[in-house]
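Shown here: structure10.txt, compact mmCIF, C-alpha atoms.
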# COMPACT_ATOMS: atom_id res chain seq x y z
CA MET A 1 2.21 26.43 -16.15
CA ILE A 2 2.13 24.30 -19.30
CA ALA A 3 -1.20 22.48 -19.70
CA ARG A 4 -0.75 18.83 -18.85
CA SER A 5 -1.98 16.11 -21.19
CA LYS A 6 -4.43 13.41 -20.10
CA GLN A 7 -2.25 11.02 -22.08
CA LEU A 8 -0.75 9.57 -18.92
CA ILE A 9 -0.76 9.54 -15.14
CA ILE A 10 2.04 8.26 -12.91
CA LEU A 11 1.06 6.38 -9.73
CA PHE A 12 3.33 5.61 -6.81
CA ASP A 13 3.32 3.23 -3.87
CA VAL A 14 4.60 4.92 -0.68
CA ASP A 15 6.75 2.62 1.51
CA GLY A 16 9.94 1.58 -0.27
CA THR A 17 9.04 3.65 -3.33
CA LEU A 18 8.61 7.30 -2.29
CA THR A 19 10.00 6.84 1.23
CA LYS A 20 11.99 4.35 3.23
CA SER A 21 9.55 2.05 5.02
CA ARG A 22 7.46 4.06 7.53
CA ASN A 23 9.89 6.99 7.25
CA LYS A 24 9.01 10.52 6.22
CA ILE A 25 9.61 11.61 2.65
CA GLU A 26 13.02 13.14 1.95
CA GLN A 27 13.49 16.54 0.32
CA ASN A 28 14.96 15.21 -2.93
CA MET A 29 11.79 13.17 -3.50
CA VAL A 30 9.57 16.18 -2.67
CA ASP A 31 11.46 18.24 -5.25
CA THR A 32 11.23 15.45 -7.85
CA LEU A 33 7.45 15.03 -7.39
CA LYS A 34 6.81 18.76 -7.62
CA GLN A 35 8.73 18.93 -10.90
CA LEU A 36 6.98 15.81 -12.22
CA CYS A 37 3.57 17.25 -11.36
CA LYS A 38 4.28 20.24 -13.58
CA LEU A 39 4.65 17.88 -16.55
CA HIS A 40 2.18 15.06 -15.87
CA TYR A 41 -0.68 14.01 -13.61
CA VAL A 42 0.58 12.21 -10.52
CA GLY A 43 -1.06 10.01 -7.90
CA ILE A 44 -0.30 8.02 -4.76
CA VAL A 45 -1.94 4.69 -3.93
CA GLY A 46 -1.26 3.18 -0.51
CA GLY A 47 -2.73 0.84 2.04
CA SER A 48 -2.57 3.32 4.91
CA ASP A 49 -5.30 5.77 5.86
CA TYR A 50 -5.31 9.42 4.79
CA GLN A 51 -3.74 10.83 7.95
CA LYS A 52 -0.86 8.32 7.92
CA ILE A 53 -0.08 9.09 4.27
CA LYS A 54 -0.12 12.83 5.01
CA ASP A 55 2.13 12.29 8.04
CA GLN A 56 4.56 10.33 5.87
CA VAL A 57 4.46 12.26 2.59
CA GLY A 58 3.62 15.69 4.02
CA GLN A 59 0.62 17.82 4.93
CA ASP A 60 1.18 19.61 1.59
CA VAL A 61 0.82 16.35 -0.36
CA PHE A 62 -1.46 17.97 -2.96
CA GLU A 63 1.35 20.32 -3.92
CA MET A 64 3.13 17.17 -5.15
CA VAL A 65 0.31 15.02 -6.54
CA ASP A 66 -3.19 15.28 -7.99
CA PHE A 67 -4.72 12.07 -6.63
CA VAL A 68 -4.36 10.30 -3.29
CA PHE A 69 -5.89 6.83 -3.05
CA THR A 70 -5.79 5.75 0.59
CA GLU A 71 -6.56 2.20 1.68
CA ASN A 72 -6.04 1.20 -1.98
CA GLY A 73 -8.65 3.71 -3.16
CA LEU A 74 -11.50 2.92 -0.79
CA HIS A 75 -11.03 6.52 0.28
CA SER A 76 -10.15 8.55 -2.80
CA PHE A 77 -9.13 12.20 -3.07
CA LYS A 78 -8.56 14.50 -6.02
CA ASN A 79 -6.93 17.90 -5.47
CA GLY A 80 -7.72 17.58 -1.78
CA GLU A 81 -11.42 16.75 -2.28
CA HIS A 82 -12.80 13.44 -1.01
CA PHE A 83 -14.83 11.86 -3.84
CA HIS A 84 -15.27 8.14 -3.02
CA THR A 85 -15.60 5.85 0.01
CA GLN A 86 -16.31 2.17 0.69
CA SER A 87 -16.11 0.21 3.98
CA LEU A 88 -15.20 -3.33 4.99
CA ASN A 89 -17.78 -3.80 7.77
CA LYS A 90 -20.68 -2.96 5.44
CA PHE A 91 -19.35 -5.32 2.78
CA VAL A 92 -18.47 -8.32 5.00
CA GLY A 93 -20.76 -7.91 8.01
CA GLU A 94 -19.91 -7.54 11.69
CA ASN A 95 -20.46 -11.20 12.60
CA HIS A 96 -17.99 -12.47 9.99
CA LEU A 97 -15.50 -9.77 10.96
CA GLN A 98 -15.54 -10.77 14.62
CA GLN A 99 -15.10 -14.45 13.79
CA PHE A 100 -12.08 -13.58 11.68
CA ILE A 101 -10.54 -11.25 14.27
CA ASN A 102 -11.05 -13.69 17.15
CA PHE A 103 -9.45 -16.56 15.24
CA THR A 104 -6.52 -14.35 14.21
CA LEU A 105 -5.90 -13.25 17.80
CA LEU A 106 -5.84 -16.89 18.87
CA GLN A 107 -3.27 -17.74 16.19
CA LEU A 108 -1.12 -14.72 17.07
CA SER A 109 -1.07 -15.76 20.71
CA GLN A 110 0.52 -19.07 19.72
CA ILE A 111 3.38 -17.57 17.68
CA GLN A 112 6.71 -17.40 19.52
CA LEU A 113 9.03 -14.58 18.36
CA PRO A 114 12.27 -13.07 19.71
CA ILE A 115 10.15 -10.09 20.83
CA LYS A 116 6.53 -8.93 20.69
CA ARG A 117 5.15 -5.45 21.21
CA GLY A 118 1.58 -4.11 20.83
CA THR A 119 -1.18 -3.42 18.28
CA PHE A 120 -1.27 -6.75 16.49
CA ILE A 121 -4.51 -6.08 14.60
CA GLU A 122 -5.47 -2.71 13.15
CA TYR A 123 -8.93 -2.32 11.64
CA ARG A 124 -9.07 0.18 8.80
CA ASN A 125 -11.96 1.31 6.68
CA GLY A 126 -11.26 -1.15 3.89
CA MET A 127 -8.89 -3.74 5.29
CA ILE A 128 -7.48 -5.43 8.37
CA ASN A 129 -3.75 -5.06 8.99
CA ILE A 130 -2.14 -7.89 10.96
CA SER A 131 1.32 -7.70 12.51
CA PRO A 132 2.79 -10.72 14.36
CA ILE A 133 5.34 -8.52 16.19
CA GLY A 134 2.92 -5.62 16.78
CA ARG A 135 2.90 -2.21 15.14
CA ASN A 136 4.24 -0.47 18.27
CA CYS A 137 7.75 -1.78 17.69
CA SER A 138 10.72 0.51 17.09
CA GLN A 139 12.42 0.95 13.72
CA GLN A 140 15.28 -1.33 14.79
CA GLU A 141 12.78 -3.95 15.91
CA ARG A 142 11.04 -3.62 12.54
CA ASP A 143 14.32 -4.20 10.73
CA ASP A 144 15.11 -7.22 12.91
CA PHE A 145 11.66 -8.77 12.41
CA GLU A 146 11.87 -8.31 8.64
CA GLN A 147 15.06 -10.40 8.61
CA TYR A 148 13.58 -12.97 11.00
CA ASP A 149 10.42 -13.25 8.90
CA HIS A 150 12.45 -13.66 5.73
CA GLN A 151 14.12 -16.67 7.33
CA HIS A 152 11.15 -18.21 9.19
CA GLN A 153 8.19 -17.17 6.96
CA ILE A 154 6.04 -16.14 9.95
CA ARG A 155 3.62 -14.01 7.93
CA LYS A 156 3.32 -16.53 5.11
CA GLN A 157 2.47 -19.39 7.49
CA LEU A 158 -0.17 -17.33 9.31
CA ILE A 159 -1.76 -16.35 5.99
CA GLU A 160 -2.02 -20.02 5.00
CA LYS A 161 -3.92 -20.80 8.23
CA LEU A 162 -6.33 -17.90 7.70
CA GLU A 163 -6.93 -18.84 4.06
CA ASN A 164 -7.85 -22.39 5.05
CA GLU A 165 -10.15 -21.28 7.89
CA PHE A 166 -12.07 -18.55 6.02
CA LYS A 167 -12.36 -19.70 2.43
CA GLU A 168 -15.98 -18.53 2.24
CA LEU A 169 -15.03 -14.89 2.91
CA ASN A 170 -13.06 -14.73 -0.35
CA PHE A 171 -10.37 -12.57 1.24
CA LYS A 172 -7.09 -11.54 -0.34
CA TYR A 173 -3.90 -11.54 1.75
CA SER A 174 -1.10 -9.19 0.81
CA ILE A 175 2.33 -8.88 2.45
CA GLY A 176 3.54 -5.27 2.51
CA GLY A 177 6.07 -3.28 4.47
CA GLN A 178 8.36 -4.87 7.04
CA ILE A 179 6.16 -6.27 9.78
CA SER A 180 2.58 -6.89 8.65
CA PHE A 181 0.15 -8.04 5.99
CA ASP A 182 -3.19 -6.71 4.79
CA VAL A 183 -6.47 -8.61 4.51
CA PHE A 184 -9.31 -7.39 2.28
CA PRO A 185 -11.98 -8.65 -0.14
CA LYS A 186 -10.61 -9.80 -3.48
CA GLY A 187 -10.54 -6.91 -5.93
CA TRP A 188 -9.83 -4.43 -3.14
CA ASP A 189 -6.09 -4.41 -3.82
CA LYS A 190 -4.42 -1.41 -5.45
CA THR A 191 -6.16 -2.11 -8.77
CA TYR A 192 -9.33 -0.77 -7.09
CA CYS A 193 -8.18 2.79 -7.82
CA LEU A 194 -7.92 2.20 -11.58
CA GLN A 195 -11.69 2.57 -12.03
CA PHE A 196 -11.25 6.31 -11.34
CA LEU A 197 -8.57 6.82 -14.00
CA ASP A 198 -10.42 6.01 -17.22
CA GLU A 199 -9.72 9.52 -18.55
CA PHE A 200 -6.02 8.69 -18.88
CA GLU A 201 -4.65 6.74 -21.85
CA LYS A 202 -1.64 5.33 -19.98
CA VAL A 203 -1.12 4.58 -16.28
CA TYR A 204 2.44 4.16 -15.05
CA PHE A 205 2.90 2.49 -11.66
CA PHE A 206 6.04 2.51 -9.49
CA GLY A 207 6.25 0.05 -6.59
CA ASP A 208 8.66 -2.14 -4.65
CA LYS A 209 6.51 -5.09 -3.45
CA THR A 210 5.72 -6.29 -6.99
CA PHE A 211 6.42 -9.99 -6.33
CA GLU A 212 3.48 -12.42 -6.14
CA GLY A 213 1.92 -11.96 -2.72
CA GLY A 214 3.29 -8.43 -2.39
CA ASN A 215 0.82 -5.56 -2.11
CA ASP A 216 1.98 -3.98 -5.40
CA HIS A 217 1.72 -7.17 -7.45
CA GLU A 218 -1.82 -6.91 -8.86
CA ILE A 219 -1.55 -3.34 -10.07
CA TYR A 220 2.00 -3.94 -11.33
CA ILE A 221 0.87 -6.73 -13.69
CA HIS A 222 -2.53 -5.24 -14.56
CA GLU A 223 -3.26 -4.74 -18.27
CA ARG A 224 -4.07 -1.05 -17.65
CA THR A 225 -0.67 -0.23 -16.17
CA ILE A 226 2.94 0.07 -17.24
CA GLY A 227 4.73 -1.29 -14.18
CA GLN A 228 8.15 -0.23 -12.91
CA GLN A 229 9.68 -2.21 -10.06
CA VAL A 230 11.99 -0.30 -7.71
CA ASN A 231 13.92 -1.29 -4.59
CA ASN A 232 14.15 2.09 -2.86
CA PRO A 233 13.35 5.80 -3.32
CA GLN A 234 16.71 6.43 -4.97
CA GLU A 235 15.81 3.98 -7.74
CA THR A 236 12.44 5.70 -8.14
CA ILE A 237 14.18 9.02 -8.81
CA LYS A 238 16.63 7.31 -11.17
CA TYR A 239 13.85 5.80 -13.31
CA LEU A 240 11.81 9.02 -13.26
CA ASN A 241 14.83 10.89 -14.59
CA GLU A 242 15.28 8.32 -17.36
CA LEU A 243 11.61 8.16 -18.35
CA PHE A 244 10.23 11.66 -17.83
CA PHE A 245 13.08 14.13 -17.39
CA LYS A 246 15.16 13.17 -20.41
CA ASN A 247 15.39 16.73 -21.64
Please go through the file and, once you have read it, give me the structure as structure tokens.
Amino acid sequence: MIARSKQLIILFDVDGTLTKSRNKIEQNMVDTLKQLCKLHYVGIVGGSDYQKIKDQVGQDVFEMVDFVFTENGLHSFKNGEHFHTQSLNKFVGENHLQQFINFTLLQLSQIQLPIKRGTFIEYRNGMINISPIGRNCSQQERDDFEQYDHQHQIRKQLIEKLENEFKELNFKYSIGGQISFDVFPKGWDKTYCLQFLDEFEKVYFFGDKTFEGGNDHEIYIHERTIGQQVNNPQETIKYLNELFFKN
């Protein structure tokens, strides 16, 4: 294999970029990543935990990429080896966490939606994921809620209440995917992973939620990255072909 240059690394969001939201990766994307990895260093940065990313992208993920930054890099892996970890409960403290969770549950109980399912709050190592409809909904219910939320701004309104109630916690709120939003300390967005990439001269980033408030926004506009906004996995492949497979 041709030796790859440390001149650049290409990072990808998962949902809406490498896969359809919460769907498994398709074979054409697997093939594209494997070819790309022969030419350049490649990484994934996502909000989900390691097992969920492997379930979505594949158990053989390190045949496609060199780095996997789960929970925005709070758990970081290189060539399958775990090399960094940080946790929310140590950083914030259990008392503050419980106050936040209890208040959020109260607010969720007062939101009226066409349907609700289960798992409204999911605690992860480095963030809290909040879903007004509940993460146990079906794909059709996800699609329906996304349209409903676009019209009624359910997630945005809940975020505004939490921001006003917990200003002292200095949390960041980031809408991602179809049904939920993430909550984490400021600076723990996807730019967190950039501290581990100083060896590379250029960092390309591909993501779909690059708008302000989206969970790709901070890394997309960061001075260390060359951002590429995409709307779906097909666009990702299109831009990769234009940028890196010209020959």
Best match for closeness to A:Asn23 among A:Leu36, A:Ile53, A:Ile10, A:Ala3, counting all atoms listed in the file: A:Ile53
Who sits within 7 Å of stretch 165-180 of chain A, all atoms listed in the file, same chain under 4 positions skipped, as a ChimeraX atom specification: /A:15,21,129-133,142,145-146,159,161,184-186,209,213-215
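Our summary of the geometry notes that atom CA of A:Phe120 is positioned 10.7 Å from atom CA of A:Phe181.
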With distances taken over all atoms listed in the file, which of A:Ile25, A:Asp55, A:Thr191, A:Leu8 is nearest to A:Leu39?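 Looking at the shortest contact to A:Leu39, the residue is A:Leu8.
Remark: for A:Gln195, the closest of the candidate residues A:Leu74, A:Ile111, A:Leu162, A:Met127 is A:Leu74 (distances computed over all atoms listed in the file).
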Provide the atom CA of A:Lys34 to atom CA of A:Leu240 distance in Å, to one decimal place.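 It comes out at 12.3 Å.
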Measuring between all atoms listed in the file, which one of A:Lys78, A:Phe103, A:Lys90, A:Gly58 shows the shortest distance to A:Asn164? A:Phe103
Would you list the contacts of A:Asp144 as JSON, numbers by chain, taking every protein, DNA or RNA residue within 12 Å and counting all atoms listed in the file, but skipping same-chain residues closer than 5 positions in sequence? {"A": [113, 114, 115, 116, 133, 137, 138, 139, 149, 150, 151, 178, 179]}
What would stretch 34-164 of chain A look like if you wrote it out as a CSV table (one decimal), in the first residue's frame, with C-alpha atoms included, from the block I just posted?
chain,number,residue,atom,x,y,z
A,34,LYS,CA,-12.1,1.6,2.1
A,35,GLN,CA,-10.7,3.2,-1.1
A,36,LEU,CA,-10.3,6.6,0.6
A,37,CYS,CA,-8.4,5.1,3.5
A,38,LYS,CA,-5.8,3.7,1.1
A,39,LEU,CA,-5.1,7.3,0.0
A,40,HIS,CA,-5.6,9.4,3.2
A,41,TYR,CA,-6.1,9.1,6.9
A,42,VAL,CA,-9.8,8.9,7.8
A,43,GLY,CA,-11.8,9.4,11.0
A,44,ILE,CA,-15.4,9.3,12.3
A,45,VAL,CA,-16.7,11.7,15.0
A,46,GLY,CA,-20.1,11.1,16.4
A,47,GLY,CA,-22.3,11.7,19.4
A,48,SER,CA,-23.2,8.1,19.9
A,49,ASP,CA,-21.2,5.6,22.0
A,50,TYR,CA,-18.7,3.1,20.6
A,51,GLN,CA,-21.1,0.2,20.3
A,52,LYS,CA,-23.8,2.2,18.6
A,53,ILE,CA,-21.3,3.5,16.0
A,54,LYS,CA,-20.0,0.0,15.4
A,55,ASP,CA,-23.6,-1.3,15.0
A,56,GLN,CA,-24.3,1.5,12.5
A,57,VAL,CA,-21.0,1.6,10.5
A,58,GLY,CA,-20.0,-2.0,11.0
A,59,GLN,CA,-18.0,-4.2,13.4
A,60,ASP,CA,-15.1,-3.9,10.9
A,61,VAL,CA,-15.1,-0.1,11.2
A,62,PHE,CA,-11.3,0.0,11.5
A,63,GLU,CA,-11.0,-1.5,8.0
A,64,MET,CA,-12.6,1.8,6.8
A,65,VAL,CA,-11.1,4.4,9.1
A,66,ASP,CA,-8.1,5.1,11.3
A,67,PHE,CA,-9.8,7.1,14.1
A,68,VAL,CA,-13.2,6.8,15.8
A,69,PHE,CA,-14.2,9.6,18.1
A,70,THR,CA,-17.3,8.5,20.0
A,71,GLU,CA,-19.3,10.9,22.1
A,72,ASN,CA,-17.5,13.7,20.3
A,73,GLY,CA,-14.1,12.4,21.2
A,74,LEU,CA,-14.6,11.8,25.0
A,75,HIS,CA,-13.9,8.2,24.1
A,76,SER,CA,-11.3,8.2,21.4
A,77,PHE,CA,-9.9,5.2,19.4
A,78,LYS,CA,-7.0,4.9,17.0
A,79,ASN,CA,-6.7,1.7,14.9
A,80,GLY,CA,-9.0,-0.1,17.4
A,81,GLU,CA,-7.1,1.0,20.5
A,82,HIS,CA,-8.8,3.2,23.2
A,83,PHE,CA,-6.5,6.1,24.0
A,84,HIS,CA,-8.6,8.8,25.7
A,85,THR,CA,-11.6,9.1,28.0
A,86,GLN,CA,-13.5,11.8,29.9
A,87,SER,CA,-16.8,11.7,31.8
A,88,LEU,CA,-19.7,14.0,32.4
A,89,ASN,CA,-20.5,13.0,36.0
A,90,LYS,CA,-16.9,13.7,37.2
A,91,PHE,CA,-16.8,17.1,35.4
A,92,VAL,CA,-20.3,18.3,36.5
A,93,GLY,CA,-21.0,16.4,39.8
A,94,GLU,CA,-23.8,14.1,40.6
A,95,ASN,CA,-25.9,16.7,42.5
A,96,HIS,CA,-26.0,19.1,39.5
A,97,LEU,CA,-26.7,16.2,37.2
A,98,GLN,CA,-29.8,15.1,39.2
A,99,GLN,CA,-31.2,18.6,39.4
A,100,PHE,CA,-30.9,18.9,35.6
A,101,ILE,CA,-32.4,15.5,34.9
A,102,ASN,CA,-35.3,16.0,37.3
A,103,PHE,CA,-36.2,19.4,35.8
A,104,THR,CA,-36.0,18.0,32.3
A,105,LEU,CA,-38.3,15.1,33.1
A,106,LEU,CA,-40.8,17.6,34.5
A,107,GLN,CA,-40.7,19.6,31.4
A,108,LEU,CA,-41.0,16.6,29.1
A,109,SER,CA,-44.1,15.5,31.1
A,110,GLN,CA,-45.8,18.7,30.1
A,111,ILE,CA,-45.2,18.5,26.4
A,112,GLN,CA,-48.2,17.2,24.4
A,113,LEU,CA,-47.3,15.4,21.1
A,114,PRO,CA,-49.2,13.3,18.6
A,115,ILE,CA,-47.5,10.3,20.1
A,116,LYS,CA,-44.9,9.5,22.8
A,117,ARG,CA,-42.9,6.3,23.3
A,118,GLY,CA,-40.1,5.5,25.8
A,119,THR,CA,-36.5,6.4,26.7
A,120,PHE,CA,-36.8,10.2,26.9
A,121,ILE,CA,-33.4,10.8,28.6
A,122,GLU,CA,-30.3,8.8,27.8
A,123,TYR,CA,-27.2,9.4,29.9
A,124,ARG,CA,-23.9,8.8,28.1
A,125,ASN,CA,-20.4,9.1,29.2
A,126,GLY,CA,-20.0,12.7,28.0
A,127,MET,CA,-23.4,14.0,27.3
A,128,ILE,CA,-27.1,13.7,28.0
A,129,ASN,CA,-29.4,12.9,25.1
A,130,ILE,CA,-33.0,14.2,25.4
A,131,SER,CA,-35.8,13.1,23.1
A,132,PRO,CA,-39.3,14.6,23.5
A,133,ILE,CA,-40.9,11.6,21.6
A,134,GLY,CA,-38.7,9.0,23.2
A,135,ARG,CA,-35.9,7.0,21.5
A,136,ASN,CA,-38.0,3.8,21.4
A,137,CYS,CA,-40.1,5.1,18.5
A,138,SER,CA,-40.1,3.4,15.1
A,139,GLN,CA,-38.5,4.8,12.0
A,140,GLN,CA,-41.8,6.0,10.7
A,141,GLU,CA,-42.5,7.7,14.0
A,142,ARG,CA,-39.1,9.3,13.8
A,143,ASP,CA,-39.8,10.7,10.4
A,144,ASP,CA,-43.2,12.0,11.5
A,145,PHE,CA,-41.8,13.7,14.6
A,146,GLU,CA,-39.0,15.3,12.6
A,147,GLN,CA,-41.7,17.0,10.4
A,148,TYR,CA,-43.8,17.9,13.4
A,149,ASP,CA,-40.8,19.4,15.2
A,150,HIS,CA,-39.8,21.4,12.1
A,151,GLN,CA,-43.3,23.0,12.3
A,152,HIS,CA,-43.7,23.4,16.1
A,153,GLN,CA,-40.1,23.8,17.3
A,154,ILE,CA,-40.5,21.4,20.2
A,155,ARG,CA,-36.8,20.8,20.7
A,156,LYS,CA,-35.9,24.4,20.3
A,157,GLN,CA,-38.5,25.6,22.9
A,158,LEU,CA,-37.3,22.9,25.4
A,159,ILE,CA,-33.7,24.0,25.0
A,160,GLU,CA,-34.6,27.6,25.7
A,161,LYS,CA,-36.2,26.6,29.0
A,162,LEU,CA,-33.2,24.5,30.1
A,163,GLU,CA,-30.8,27.3,29.1
A,164,ASN,CA,-32.7,29.8,31.3
